[in-house]
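Beneath this line is the structure, given in structure tokens, with notes to follow.
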Protein chains: 2
Amino acid sequence: MPIPWANSTGGDGAAGVDLHLEAVPGAGGLRRGLTDALRDAVRTGRLAPDTRLPSSRTLAADLGIARNTVAEAYADLVAEGWLTARQGSGTWVAARAVGVPGGAAGAPGAATPPRAPGPPVHNLVPGTPDLTTFPRAEWLRAARRALAAAPHDAFGYGDPRGRPELRAALAGYLARARGVRADPERIVVTAGFAGALRLLGALLRARGARTVAVESYGLDVHRRLLDDAGLTTRPLPYDELGTDTRPLTDERAVLLTPAHQFPMGAPLHPDRRAAVVEWARRGGGLVLEDDYDGEFRYDRQPVGALQGLDPEHVVHLGTASKALAPGLRLGWMVVPERLVGEVLAVLGAGDACGVLDQLTLAEFIGSGAYDRHVRAARLRYRRRRDALVGAVGERVRVLGVAAGLHAVLCLPEGSERAVLQAAAWQRLALHGLAFHRHPLASGPVPDALVVGYGTPTDRGWAGALEALCRVLP
Amino acid sequence: MPIPWANSTGGDGAAGVDLHLEAVPGAGGLRRGLTDALRDAVRTGRLAPDTRLPSSRTLAADLGIARNTVAEAYADLVAEGWLTARQGSGTWVAARAVGVPGGAAGAPGAATPPRAPGPPVHNLVPGTPDLTTFPRAEWLRAARRALAAAPHDAFGYGDPRGRPELRAALAGYLARARGVRADPERIVVTAGFAGALRLLGALLRARGARTVAVESYGLDVHRRLLDDAGLTTRPLPYDELGTDTRPLTDERAVLLTPAHQFPMGAPLHPDRRAAVVEWARRGGGLVLEDDYDGEFRYDRQPVGALQGLDPEHVVHLGTASKALAPGLRLGWMVVPERLVGEVLAVLGAGDACGVLDQLTLAEFIGSGAYDRHVRAARLRYRRRRDALVGAVGERVRVLGVAAGLHAVLCLPEGSERAVLQAAAWQRLALHGLAFHRHPLASGPVPDALVVGYGTPTDRGWAGALEALCRVLP
């Protein structure tokens with residue numbers, strides 16, 4: 001039967017490709033039949049690299065078979081390396097190219113398994129800092145001091161908002177570094193940005209919200225978190241001033257990256273900043289400010305937090321994932337005073353984070369180690385940005401270079417997919433801009449690459465940059 | 001208007017008391033009026049200690065006012081100490097007695113604030129181990145080794161099931177200590193037991209479940225987690241053989257504490273163990289085995305995990321909260337192989353735990369420090385149990401003393417509430433059995449205390465035991 005597949009590497013994320021999939025129960029049963037059919041589809045190129053597969057629920061419904069069977073087939077193919085399970089965003093065709101490059105790739109019905117590139121050795125996927133720079137020794141020192149100073153009751157269940165030591169340290173840091181108007185009573189420590197967005201999804205749903213406005217470009221894992229809370233996301237248009245919030249009407253909330261649009265890289269224009277706050281005030285709406293990499297700005301002062309304009313209508317969201325490491329799973333939000341009670345009402349025992357990391361981060365911030373680490377990281381990533389612009393700036397237009405850990409490289413119309421396939425053959429993991437586009441976004445669909453220059457190690461950076469240069473048109 | 005309040009200290013949790021609440025908007029507005037009315041109700045005893053308040057949503061709907069107003073009034077009264085916000089289980093009247101003991105308490109309309117006991121100085125609420133015994137030095141040593149040995153990619157987003165080092169350590173430990181048939185691929189590290197139950201709630205809901213069978217006695221925070229997943233809980237009867245699973249029919253899952261019923265303290269009878277596994281096999285149901293304190297058994301070998309009987313129909317759930325500390329927020333579950341794919345499908349980025357604590361716990365288990373710590377703790381709590389039984393065993397019947405960190409003290413019919421009030425005057429925090437009874441449970445309603453003898457420090461234990469003796473009939 002033909003099944004529409006959302007293909008993330010196609011120009012338009014909403015466009016689907018139909019795939020004829022025959023899961024015939026053979027000697028090995030339905031599971032084996034489905035596994036074989038999917039493997040064939042990947043091997044022959046009918047399912048392209050970086051294609052997101054439908055959820056096991058959806059595919060099971062489409063095929064009229066048990067969801068377990070689909071989940072097991074997916075798991076088999078993940079184990080075999082044909083598919084990958086990405087945290088929080090479903091199952092994907094592995095990022096290896098198929099078929100012979102420029103040749104039979106994509107031709108249906110190829111009988112023999114074509115040569116395929118090996119797994120990536122270079123990684124320019126955005127979202128992760130250089131993990132080799134995690135300050136292990138300083139962190140351990142902070143942990144020692146934190147463990148020695150912790151009151152006994154710190155080891156208990158405690159305040160669902162998180163440890164008071166960390167909330168106090170964050171209040172000071174966010175005021176100083178990001179212009180956030182914070183006090184510890186309104187800060188909630190969360191399991192990364194994702195933990196915060198899940199809580200806000202539950203809160204909005206409890207308030208009766210059905211729809212949340214989001215940007216045309218963003219992370220699909222964020223959309224999924226809102227989905228899971230029972231909320232529909234509606235994309236706002238994007239133009240040269242950033243996300244256009246004028247179409248906002250009676251939505252209860254809008255999720256934005258005002259300091260540094262992800263992934264486009266521009267800060268929200270001051271007029272737009274003022275306008276979205278004005279919208280929130282008028283109708284009691286809520287602006288969710290995703291300040292994922294606000295500390296990393298290179299050529300001038302960081303753009304201050306939007307929350308500073310109106311702390312009663314903006315929820316400020318931050319994370320230690322970019323400045324330190326995603327593995328810490330520590331994020332925070334600063335909520336309006338009027339919402340503290342509602343946040344407490346949706347906070348459950350399963351939302352709390354380990355206290356030892358919280359106490360250690362408080363100590364790390366309080367001792368100045370956090371600032372020192374961010375300064376060093378800023379210098380490192382600025383050098384990489386300079387190298388990137390120097391290497392590719394004459395061949396392609398580069399956007400969003402003033403800040404952050406990634407940049408957008410504009411490509412000739414229609415070439416994004418071919419460049420990604422070429423990248424796979426260079427064993428370079430990379431995202432196209434289409435991957436980050438909301439399926440319902442309107443307007444032109446530019447071809448571009450999103451290059452995460454923070455991701456490689458110092459040793460791996462030069463090789464990754466060379467591989468990138470080899471695949472640019 | 002009269003509002004029904006679920007009163008947890010009444011004999012039957014489902015019985016409500018009507019409260020005439022007049023939230024008249026005065027000079028300070030509605031919020032002030034509601035705050036004053038609630039404060040008066042607590043002060044005069046119309047709202048009894050340990051009464052659970054309706055959610056702000058419910059009360060707002062009942063009163064026809066904004067939910068924010070209710071949430072703010074609750075927050076004001078929490079700040080003043082009249083109410084307490086319990087993690088994951090809503091807002092409660094603080095556990096202080098009201099009025100004059102034995103006298104005017106509960107008489108409505110008392111004009112002047114009566115004398116009230118101060119905050120508790122003794123704590124026998126079950127669920128928390130002695131927090132002063134957290135092995136800080138050993139934990140730091142393990143953290144140092146873990147930090148030194150961690151591969152760089154440990155600091156990234158990683159496997160949503162948790163770090164492989166910890167899953168491998170748990171597989172070995174659970175097989176050895178609890179008879180669990182585990183392999184690392186089927187283990188998921190979670191934010192405590194609550195994190196695991198939330199995931200299972202989402203999984204069951206995705207499978208189409210509407211109802212989960214639970215025990216007549218248990219933790220209301222667990223019921224709430226299932227509630228939040230959109231599942232109704234239906235209590236099974238309890239008798240001298242433990243929870244009676246014979247009424248199970250077409251439920252998709254049952255949540256049990258087979259090794260040590262919480263809070264009643266008995267292990268599930270072997271016939272019942274076999275029967276519930278048989279039920280699960282017959283209909284494809286799932287037994288959720290909450291093994292919250294399986295390591296703590298004093299007089300003979302621990303009761304093995306139910307999961308050992310049938311790993312494909314039992315999900316084994318464990319936690320570091322009792323053996324180490326709740327503040328670590330580390331739990332785990334061992335899922336049937338047939339469900340691994342479905343678990344991966346519901347695992348989101350917000351469910352992951354900090355990797356450093358995971359790596360440290362793996363090191364702690366692997367080095368033998370975990371076993372040593374559990375042995376020392378077992379000895380400590382066994383001594384306390386002996387002291388408890390020695391002190392009260394001739395005055396009241398004591399149940400559930402063979403294992404765990406708490407015991408049940410049977411009280412004369414109708415006396416539970418009075419004993420709890422007396423305890424408040426002894427500044428002793430304590431739960432009655434009614435607090436742990438499912439609102440829909442049927443059958444006799446025994447009066448009893450649930451005494452958490454693991455909670456006090458070694459220094460505080462004697463004083464807590466004396467205070468307990470003073471309030472027993």
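Chain labels follow the order of the structure tokens: the first chain is A, the next B, and so on; residue numbering restarts at 1 in every chain, and ligands are counted from 1 in their shown order.
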Per residue of chain B within 6 Å of chain A, what are the shortest atom pair and its distance in Å to one decimal, counting only C-alpha atoms, with rows by chain and residue number, as JSON lines?
{"residue": "B:Ala71", "atom": "CA", "partner": "A:Gly341", "partner_atom": "CA", "distance": 4.8}
{"residue": "B:Gln87", "atom": "CA", "partner": "A:Pro160", "partner_atom": "CA", "distance": 5.7}
{"residue": "B:Gly88", "atom": "CA", "partner": "A:Gly348", "partner_atom": "CA", "distance": 4.1}
{"residue": "B:Leu131", "atom": "CA", "partner": "A:His152", "partner_atom": "CA", "distance": 5.7}
{"residue": "B:Thr132", "atom": "CA", "partner": "A:His152", "partner_atom": "CA", "distance": 5.5}
{"residue": "B:His152", "atom": "CA", "partner": "A:Thr132", "partner_atom": "CA", "distance": 5.5}
{"residue": "B:Phe155", "atom": "CA", "partner": "A:Gly327", "partner_atom": "CA", "distance": 4.3}
{"residue": "B:Gly156", "atom": "CA", "partner": "A:Gly327", "partner_atom": "CA", "distance": 4.9}
{"residue": "B:Tyr157", "atom": "CA", "partner": "A:Gly327", "partner_atom": "CA", "distance": 5.5}
{"residue": "B:Pro160", "atom": "CA", "partner": "A:Gln87", "partner_atom": "CA", "distance": 5.8}
{"residue": "B:Ala191", "atom": "CA", "partner": "A:Gly350", "partner_atom": "CA", "distance": 5.6}
{"residue": "B:Ala194", "atom": "CA", "partner": "A:Gly350", "partner_atom": "CA", "distance": 4.6}
{"residue": "B:Gly195", "atom": "CA", "partner": "A:Gly350", "partner_atom": "CA", "distance": 4.2}
{"residue": "B:Ala325", "atom": "CA", "partner": "A:Phe155", "partner_atom": "CA", "distance": 5.6}
{"residue": "B:Pro326", "atom": "CA", "partner": "A:Gly156", "partner_atom": "CA", "distance": 5.1}
{"residue": "B:Gly327", "atom": "CA", "partner": "A:Phe155", "partner_atom": "CA", "distance": 4.3}
{"residue": "B:Leu328", "atom": "CA", "partner": "A:Gly354", "partner_atom": "CA", "distance": 4.5}
{"residue": "B:Arg329", "atom": "CA", "partner": "A:Gly354", "partner_atom": "CA", "distance": 5.1}
{"residue": "B:Gly341", "atom": "CA", "partner": "A:Ala71", "partner_atom": "CA", "distance": 4.8}
{"residue": "B:Gly348", "atom": "CA", "partner": "A:Gly88", "partner_atom": "CA", "distance": 4.2}
{"residue": "B:Ala349", "atom": "CA", "partner": "A:Gly88", "partner_atom": "CA", "distance": 5.0}
{"residue": "B:Gly350", "atom": "CA", "partner": "A:Gly195", "partner_atom": "CA", "distance": 4.2}
{"residue": "B:Gly354", "atom": "CA", "partner": "A:Leu328", "partner_atom": "CA", "distance": 4.5}
{"residue": "B:Val355", "atom": "CA", "partner": "A:Gly327", "partner_atom": "CA", "distance": 5.4}
With all heavy atoms kept, could you save the residues just selected as a compact mmCIF listing (two decimals), in the first residue's frame?
# COMPACT_ATOMS: atom_id res chain seq x y z
N ALA B 71 -5.11 30.37 43.23
CA ALA B 71 -3.71 29.96 43.35
C ALA B 71 -2.93 30.96 44.20
O ALA B 71 -2.09 30.59 45.02
CB ALA B 71 -3.09 29.84 41.96
N GLN B 87 4.88 18.19 47.33
CA GLN B 87 5.36 17.90 45.97
C GLN B 87 4.50 16.86 45.30
O GLN B 87 4.35 15.75 45.78
CB GLN B 87 6.81 17.41 46.05
CG GLN B 87 7.36 17.12 44.68
CD GLN B 87 8.84 16.88 44.72
OE1 GLN B 87 9.45 16.99 45.76
NE2 GLN B 87 9.41 16.55 43.58
N GLY B 88 3.92 17.25 44.21
CA GLY B 88 3.18 16.28 43.40
C GLY B 88 1.83 15.89 43.97
O GLY B 88 1.16 15.04 43.41
N LEU B 131 18.28 11.01 56.22
CA LEU B 131 19.08 11.76 55.24
C LEU B 131 20.49 12.07 55.73
O LEU B 131 21.37 12.40 54.93
CB LEU B 131 18.36 13.05 54.85
CG LEU B 131 16.97 12.88 54.22
CD1 LEU B 131 16.30 14.23 54.00
CD2 LEU B 131 17.06 12.12 52.90
N THR B 132 20.70 11.95 57.03
CA THR B 132 22.06 12.23 57.54
C THR B 132 23.01 11.11 57.19
O THR B 132 24.22 11.26 57.35
CB THR B 132 22.06 12.41 59.07
OG1 THR B 132 21.69 11.17 59.68
CG2 THR B 132 21.10 13.50 59.50
N HIS B 152 33.84 11.22 26.31
CA HIS B 152 33.35 12.57 26.04
C HIS B 152 31.86 12.57 25.69
O HIS B 152 31.12 13.44 26.09
CB HIS B 152 34.16 13.22 24.93
CG HIS B 152 35.55 13.58 25.35
ND1 HIS B 152 35.80 14.36 26.45
CD2 HIS B 152 36.75 13.26 24.83
CE1 HIS B 152 37.11 14.52 26.59
NE2 HIS B 152 37.72 13.85 25.62
N PHE B 155 28.63 13.35 27.85
CA PHE B 155 28.10 14.67 28.19
C PHE B 155 27.08 15.18 27.17
O PHE B 155 26.57 16.28 27.31
CB PHE B 155 29.26 15.67 28.34
CG PHE B 155 30.20 15.30 29.45
CD1 PHE B 155 31.37 14.61 29.21
CD2 PHE B 155 29.87 15.61 30.76
CE1 PHE B 155 32.22 14.25 30.24
CE2 PHE B 155 30.71 15.26 31.81
CZ PHE B 155 31.88 14.57 31.55
N GLY B 156 26.81 14.38 26.16
CA GLY B 156 25.84 14.77 25.15
C GLY B 156 24.43 14.32 25.52
O GLY B 156 24.16 13.96 26.67
N TYR B 157 23.53 14.34 24.53
CA TYR B 157 22.14 13.96 24.82
C TYR B 157 22.01 12.47 25.08
O TYR B 157 21.35 12.05 26.00
CB TYR B 157 21.22 14.40 23.67
CG TYR B 157 20.96 15.89 23.69
CD1 TYR B 157 21.69 16.76 22.90
CD2 TYR B 157 20.00 16.42 24.53
CE1 TYR B 157 21.45 18.13 22.93
CE2 TYR B 157 19.75 17.79 24.58
CZ TYR B 157 20.48 18.64 23.77
OH TYR B 157 20.25 19.98 23.80
N PRO B 160 18.15 7.75 25.25
CA PRO B 160 17.06 8.18 26.15
C PRO B 160 16.80 7.19 27.28
O PRO B 160 16.17 7.55 28.27
CB PRO B 160 15.85 8.29 25.22
CG PRO B 160 16.21 7.51 24.01
CD PRO B 160 17.70 7.57 23.87
N ALA B 191 13.56 9.49 36.29
CA ALA B 191 13.61 10.47 37.38
C ALA B 191 12.82 9.93 38.56
O ALA B 191 11.70 10.33 38.85
CB ALA B 191 13.04 11.80 36.90
N ALA B 194 8.58 8.11 40.26
CA ALA B 194 7.56 8.97 39.65
C ALA B 194 7.81 9.13 38.16
O ALA B 194 6.87 9.11 37.36
CB ALA B 194 7.52 10.33 40.35
N GLY B 195 9.08 9.30 37.78
CA GLY B 195 9.40 9.44 36.37
C GLY B 195 9.02 8.19 35.59
O GLY B 195 8.52 8.26 34.46
N ALA B 325 19.08 8.19 48.60
CA ALA B 325 18.40 9.44 48.93
C ALA B 325 17.41 9.81 47.84
O ALA B 325 17.72 9.66 46.65
CB ALA B 325 19.41 10.57 49.10
N PRO B 326 16.24 10.31 48.22
CA PRO B 326 15.28 10.76 47.21
C PRO B 326 15.83 11.89 46.36
O PRO B 326 15.49 12.02 45.18
CB PRO B 326 14.09 11.27 48.04
CG PRO B 326 14.25 10.67 49.39
CD PRO B 326 15.73 10.48 49.59
N GLY B 327 16.72 12.72 46.94
CA GLY B 327 17.24 13.88 46.23
C GLY B 327 18.02 13.52 44.98
O GLY B 327 18.18 14.34 44.08
N LEU B 328 18.53 12.28 44.89
CA LEU B 328 19.22 11.87 43.67
C LEU B 328 18.26 11.82 42.49
O LEU B 328 18.67 11.95 41.34
CB LEU B 328 19.85 10.48 43.84
CG LEU B 328 21.05 10.36 44.77
CD1 LEU B 328 21.50 8.91 44.84
CD2 LEU B 328 22.19 11.25 44.27
N ARG B 329 17.00 11.60 42.78
CA ARG B 329 15.97 11.47 41.73
C ARG B 329 16.41 10.45 40.67
O ARG B 329 16.38 10.72 39.48
CB ARG B 329 15.67 12.81 41.05
CG ARG B 329 15.09 13.91 41.92
CD ARG B 329 13.62 13.72 42.24
NE ARG B 329 13.41 12.62 43.18
CZ ARG B 329 12.42 11.73 43.11
NH1 ARG B 329 11.56 11.79 42.15
NH2 ARG B 329 12.28 10.79 44.01
N GLY B 341 10.20 -1.04 22.27
CA GLY B 341 9.90 -0.07 21.20
C GLY B 341 8.87 0.96 21.64
O GLY B 341 9.02 2.16 21.39
N GLY B 348 10.70 11.09 26.05
CA GLY B 348 11.00 12.40 25.47
C GLY B 348 12.27 12.97 26.05
O GLY B 348 12.84 12.44 27.01
N ALA B 349 12.72 14.09 25.45
CA ALA B 349 13.96 14.71 25.91
C ALA B 349 13.84 15.17 27.36
O ALA B 349 14.84 15.26 28.08
CB ALA B 349 14.31 15.89 25.01
N GLY B 350 12.63 15.44 27.80
CA GLY B 350 12.46 15.92 29.18
C GLY B 350 12.45 14.81 30.21
O GLY B 350 12.32 15.07 31.40
N GLY B 354 20.29 13.47 34.74
CA GLY B 354 21.67 13.93 34.62
C GLY B 354 22.63 12.76 34.52
O GLY B 354 22.53 11.78 35.26
N VAL B 355 23.58 12.85 33.57
CA VAL B 355 24.47 11.71 33.36
C VAL B 355 25.48 11.54 34.47
O VAL B 355 25.93 10.42 34.74
CB VAL B 355 25.25 11.82 32.02
CG1 VAL B 355 24.32 11.69 30.85
CG2 VAL B 355 26.06 13.09 31.95
So which residues of region 342-399 of chain A fall under helix (DSSP H, G or I) by DSSP, listed as a count of residues only? 44
Can you pull out every residue within 7 Å of region 231-240 of chain B, counting only C-alpha atoms, but drop anything in the same chain fewer than 3 positions away, and send it as a PyMOL selection string? chain B and resi 210-216+223+226-227+243-245+438+440-442
Based on the selection just made, write C-alpha atoms of those residues as a PDB file, in the first residue's frame.
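Okay, this is what ended up in result.pdb:
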ATOM      1  CA  ARG B 210      -8.479   3.821  30.370  1.00  0.00           C
ATOM      2  CA  THR B 211      -8.240   2.170  33.783  1.00  0.00           C
ATOM      3  CA  VAL B 212      -5.406   0.831  35.891  1.00  0.00           C
ATOM      4  CA  ALA B 213      -6.079  -1.394  38.878  1.00  0.00           C
ATOM      5  CA  VAL B 214      -4.278  -0.330  42.048  1.00  0.00           C
ATOM      6  CA  GLU B 215      -4.185  -1.439  45.659  1.00  0.00           C
ATOM      7  CA  SER B 216      -6.676  -0.208  48.254  1.00  0.00           C
ATOM      8  CA  ARG B 223      -2.694   7.808  41.775  1.00  0.00           C
ATOM      9  CA  LEU B 226      -1.863   7.981  36.623  1.00  0.00           C
ATOM     10  CA  ASP B 227      -4.673  10.546  36.736  1.00  0.00           C
ATOM     11  CA  THR B 243      -4.107  -7.424  47.737  1.00  0.00           C
ATOM     12  CA  ASP B 244      -6.740  -9.631  46.165  1.00  0.00           C
ATOM     13  CA  THR B 245      -6.188  -9.660  42.425  1.00  0.00           C
ATOM     14  CA  HIS B 438      -7.877   4.858  47.985  1.00  0.00           C
ATOM     15  CA  LEU B 440     -12.982   4.291  46.300  1.00  0.00           C
ATOM     16  CA  ALA B 441     -11.712   1.429  48.469  1.00  0.00           C
ATOM     17  CA  SER B 442     -14.446  -0.743  49.939  1.00  0.00           C
TER      18      SER B 442
END
Would you mind reading off the distance between CA of Leu200 (chain A) and CA of Asp250 (chain A), one decimal, in Å?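 Going from CA of Leu200 (chain A) over to CA of Asp250 (chain A) covers 17.6 Å.
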Excluding Phe296 (chain A) and its own-chain neighbours fewer than 5 positions away, which residues fall within 9 Å of it when counting only C-alpha atoms? Please give them as a count of residues only. 12
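Proximity of A:Arg31, A:His373, A:Arg380, A:His269 to Val303 (chain A), computed with only C-alpha atoms, is greatest for A:His269.
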Could you pull the residues within 7 Å of Val471 (chain A), counting only C-alpha atoms, minus those fewer than 2 positions along the same chain, as JSON, numbers by chain? {"A": [419, 422, 423, 467, 468, 469, 473]}
Mind dumping the selected residues with N, CA and C atoms as a PDB file, in the first residue's frame?
ATOM      1  N   VAL A 419      23.224  18.434  -1.879  1.00  0.00           N
ATOM      2  CA  VAL A 419      24.375  18.753  -1.028  1.00  0.00           C
ATOM      3  C   VAL A 419      24.391  17.829   0.196  1.00  0.00           C
ATOM      4  N   ALA A 422      25.681  14.535  -0.867  1.00  0.00           N
ATOM      5  CA  ALA A 422      27.131  14.610  -1.046  1.00  0.00           C
ATOM      6  C   ALA A 422      27.829  14.601   0.315  1.00  0.00           C
ATOM      7  N   ALA A 423      27.212  15.288   1.292  1.00  0.00           N
ATOM      8  CA  ALA A 423      27.798  15.330   2.633  1.00  0.00           C
ATOM      9  C   ALA A 423      27.861  13.931   3.236  1.00  0.00           C
ATOM     10  N   ALA A 467      35.597  18.913   4.944  1.00  0.00           N
ATOM     11  CA  ALA A 467      34.547  18.082   4.348  1.00  0.00           C
ATOM     12  C   ALA A 467      33.392  18.951   3.883  1.00  0.00           C
ATOM     13  N   LEU A 468      33.056  19.956   4.698  1.00  0.00           N
ATOM     14  CA  LEU A 468      31.975  20.868   4.322  1.00  0.00           C
ATOM     15  C   LEU A 468      32.325  21.585   3.018  1.00  0.00           C
ATOM     16  N   CYS A 469      33.561  22.081   2.931  1.00  0.00           N
ATOM     17  CA  CYS A 469      33.957  22.806   1.723  1.00  0.00           C
ATOM     18  C   CYS A 469      33.862  21.921   0.482  1.00  0.00           C
ATOM     19  N   PRO A 473      28.458  23.847  -3.336  1.00  0.00           N
ATOM     20  CA  PRO A 473      28.442  24.014  -4.787  1.00  0.00           C
ATOM     21  C   PRO A 473      29.444  25.098  -5.226  1.00  0.00           C
TER      22      PRO A 473
END
Going by DSSP on the backbone, which bits of region 82-298 of chain A are strand (DSSP E)? Write them as a ChimeraX atom specification, please. /A:83-86,90-93,122-123,187-190,211-215,232-236,238-239,242-243,253-256,286-290
Interatomic distance between CA of Thr455 (chain B) and CA of Asn123 (chain B)?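 Pair CA of Thr455 (chain B) / CA of Asn123 (chain B) returns 6.6 Å.
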Two-atom distance - CA of Leu409 (chain A), CA of Ala448 (chain A) (Å): 5.3 Å
Write out as a count of residues only which residues come within 12 Å of Ala275 (chain B) when counting only C-alpha atoms, dropping same-chain ones fewer than 3 positions away. 20
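Here the question is which of A:Val450, A:Leu411, A:Ala362, A:Val93 gets nearest to Gly172 (chain A) using only C-alpha atoms, and that residue is A:Ala362.
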Near-Arg145 (chain A) list (8 Å; only C-alpha atoms; drop same-chain fewer than 4 positions) as a short mmCIF file (atom, residue, chain, number, x, y, z; two decimals) with C-alpha atoms, in the first residue's frame:
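After the write, part.cif holds the following:
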data_model
loop_
_atom_site.label_atom_id
_atom_site.label_comp_id
_atom_site.auth_asym_id
_atom_site.auth_seq_id
_atom_site.Cartn_x
_atom_site.Cartn_y
_atom_site.Cartn_z
CA ARG A 141 35.89 20.75 42.74
CA ALA A 149 28.12 22.34 52.40
CA THR A 360 27.16 21.84 42.09
CA GLU A 363 28.57 26.49 43.45
#
